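Okay, structure first, notes after.
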Amino acid sequence: MKILDIGCGTHKTPGAIGIDNNPHTDADIIHDLDSAPYPFPDNEFDLIIGNQVIEHVRDVMLVVAELYRIAKPGALIRLDTPHYSDIASYTDPTHHRHLTTESFSYFTGDRPDFGFYSHVRLHPVLIRVTMLKLWRLLGFQILVNSHNRFPRLRFLRRFWEQYLCFIVRGKTIYFEFEVVKSTQI
């Protein structure tokens with residue numbers, strides 16, 4: 001299995017190739033994620049990991065398109081980021097994006113009215129919100145994430161994110177997507 005860790009920093013995933021724009025990291029390759037093309041051929045990786053990095057890029061569309069290009073058909077892309085209601089999303093001056101659980105809908109087909117923005121197609125495997133301990137103990141985290149097990153309950157996550165998330169705050173969002181390419185059809 002070939003693994004790429006984007007924006008690996010000083011905690012590169014064991015066994016992965018690390019890419020980062022900072023030479024003082026564990027990166028194997030120094031490259032700016034906002035600069036395409038990435039120094040890899042098409043269909044190269046089985047797994048792409050981005051821990052706390054997607055919020056730092058200036059052009060999410062470009063980055064996702066490049067990850068899609070270098071991922072094999074059926075590969076997994078795993079990203080985690082602060083939820084936009086968490087203070088950590090705003091306190092870091094290097095964050096360019098504040099993301100929600102719907103931020104990648106342009107690539108999943110959940111927003112067909114905006115499908116013309118990108119040729120990238122990702123199948124959501126898991127979208128999980130973590131919350132502070134108090135909200136976990138009160139069961140909010142289970143409710144917000146219930147759509148992963150029971151897709152018809154997705155309205156709970158949407159309701160929370162649209163109306164309650166600045167009271168019952170999210171901490172992080174974990175996304176796992178399967179790459180869908182025309183060769184798979």
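Ordering of the structure tokens sets the chain letters (A, B, ...); residue numbers start at 1 within each chain; ligands are numbered from 1 in the order shown.
Close contacts of region 116-122 of chain A, defined as residues with an atom at most 7 Å away when counting only C-alpha atoms, with chain neighbours fewer than 4 positions off set aside, comprise Ala65, Tyr68, Phe107, Thr108, Phe177, Glu178, Val179, Val180 and Lys181 of chain A.
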Go ahead and write the residues just picked, C-alpha atoms, as a tab-separated table (two decimals), in the first residue's frame.
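Output file again13.tsv is given in full below:
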chain	number	residue	atom	x	y	z
A	65	ALA	CA	-8.22	17.98	-7.71
A	68	TYR	CA	-7.81	13.01	-6.89
A	107	PHE	CA	-17.19	16.48	-4.93
A	108	THR	CA	-19.66	13.88	-3.63
A	177	PHE	CA	-13.65	9.49	0.97
A	178	GLU	CA	-13.25	6.78	-1.64
A	179	VAL	CA	-11.92	8.06	-4.96
A	180	VAL	CA	-14.32	7.32	-7.84
A	181	LYS	CA	-12.81	7.45	-11.32
Q | Contacts of Ser35 (chain A) within 9 Å, only C-alpha atoms, excl. fewer than 3 positions in-chain, as JSON, numbers by chain | A | {"A": [31, 32, 38, 62, 63]}
Let me see the file: selected residues, C-alpha atoms, as a PDB file, in the first residue's frame.
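And here's part_4.pdb as it stands now:
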ATOM      1  CA  HIS A  31       6.403  21.248  -2.062  1.00  0.00           C
ATOM      2  CA  ASP A  32       3.685  23.873  -1.629  1.00  0.00           C
ATOM      3  CA  TYR A  38       2.295  17.811  -7.371  1.00  0.00           C
ATOM      4  CA  LEU A  62      -6.985  22.806  -6.591  1.00  0.00           C
ATOM      5  CA  VAL A  63      -5.739  20.657  -3.711  1.00  0.00           C
TER       6      VAL A  63
END
Q: Apply DSSP to the structure's backbone, then extract all residues of chain A labelled strand (DSSP E) and return them as number ranges by chain.
A: A: 3-6, 17-20, 29-30, 45-51, 71-82, 122-131, 170-179
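The nearest approach to Ile6 (chain A) among the residues A:Asn148, A:Thr94, A:Ser105, A:Thr25, with only C-alpha atoms taken into account, belongs to A:Thr25.
The shortest atom-to-atom distance to Leu79 (chain A), with only C-alpha atoms taken into account, belongs to A:Ile173 out of A:Ile173, A:Ile19, A:Leu138, A:Val57.
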Region 46-56 of chain A environment, 7 Å, only C-alpha atoms, sequence neighbours closer than 4 positions dropped, as an mmCIF file with C-alpha atoms, in the first residue's frame:
data_model
loop_
_atom_site.group_PDB
_atom_site.id
_atom_site.type_symbol
_atom_site.label_atom_id
_atom_site.label_comp_id
_atom_site.auth_asym_id
_atom_site.auth_seq_id
_atom_site.Cartn_x
_atom_site.Cartn_y
_atom_site.Cartn_z
ATOM 1 C CA MET A 1 0.000 0.000 0.000
ATOM 2 C CA LYS A 2 1.427 3.354 -1.020
ATOM 3 C CA ILE A 3 0.578 6.177 1.415
ATOM 4 C CA LEU A 4 0.977 9.939 1.080
ATOM 5 C CA ASP A 5 0.854 12.253 4.103
ATOM 6 C CA ILE A 6 0.147 15.815 2.920
ATOM 7 C CA GLY A 7 1.316 18.639 5.160
ATOM 8 C CA ALA A 71 -4.968 8.763 -6.065
ATOM 9 C CA LYS A 72 -5.656 5.358 -7.576
ATOM 10 C CA ALA A 75 -8.111 4.878 -3.028
ATOM 11 C CA LEU A 76 -9.042 6.495 0.273
ATOM 12 C CA ILE A 77 -8.545 10.151 1.152
ATOM 13 C CA ARG A 78 -8.642 10.865 4.889
ATOM 14 C CA LEU A 79 -8.756 14.451 6.094
ATOM 15 C CA ASP A 80 -9.354 15.986 9.470
ATOM 16 C CA THR A 81 -9.773 19.639 10.288
ATOM 17 C CA THR A 94 -2.388 30.395 9.162
ATOM 18 C CA HIS A 95 -5.916 28.981 8.659
ATOM 19 C CA HIS A 96 -7.410 30.123 5.365
ATOM 20 C CA ARG A 97 -10.581 28.002 5.530
ATOM 21 C CA HIS A 98 -13.215 27.283 8.170
#
Q | Shortest interatomic distance to Asn43 (chain A) - which of A:Leu134, A:Ile142, A:Ile70, A:Ile17, counting only C-alpha atoms | A | A:Ile70
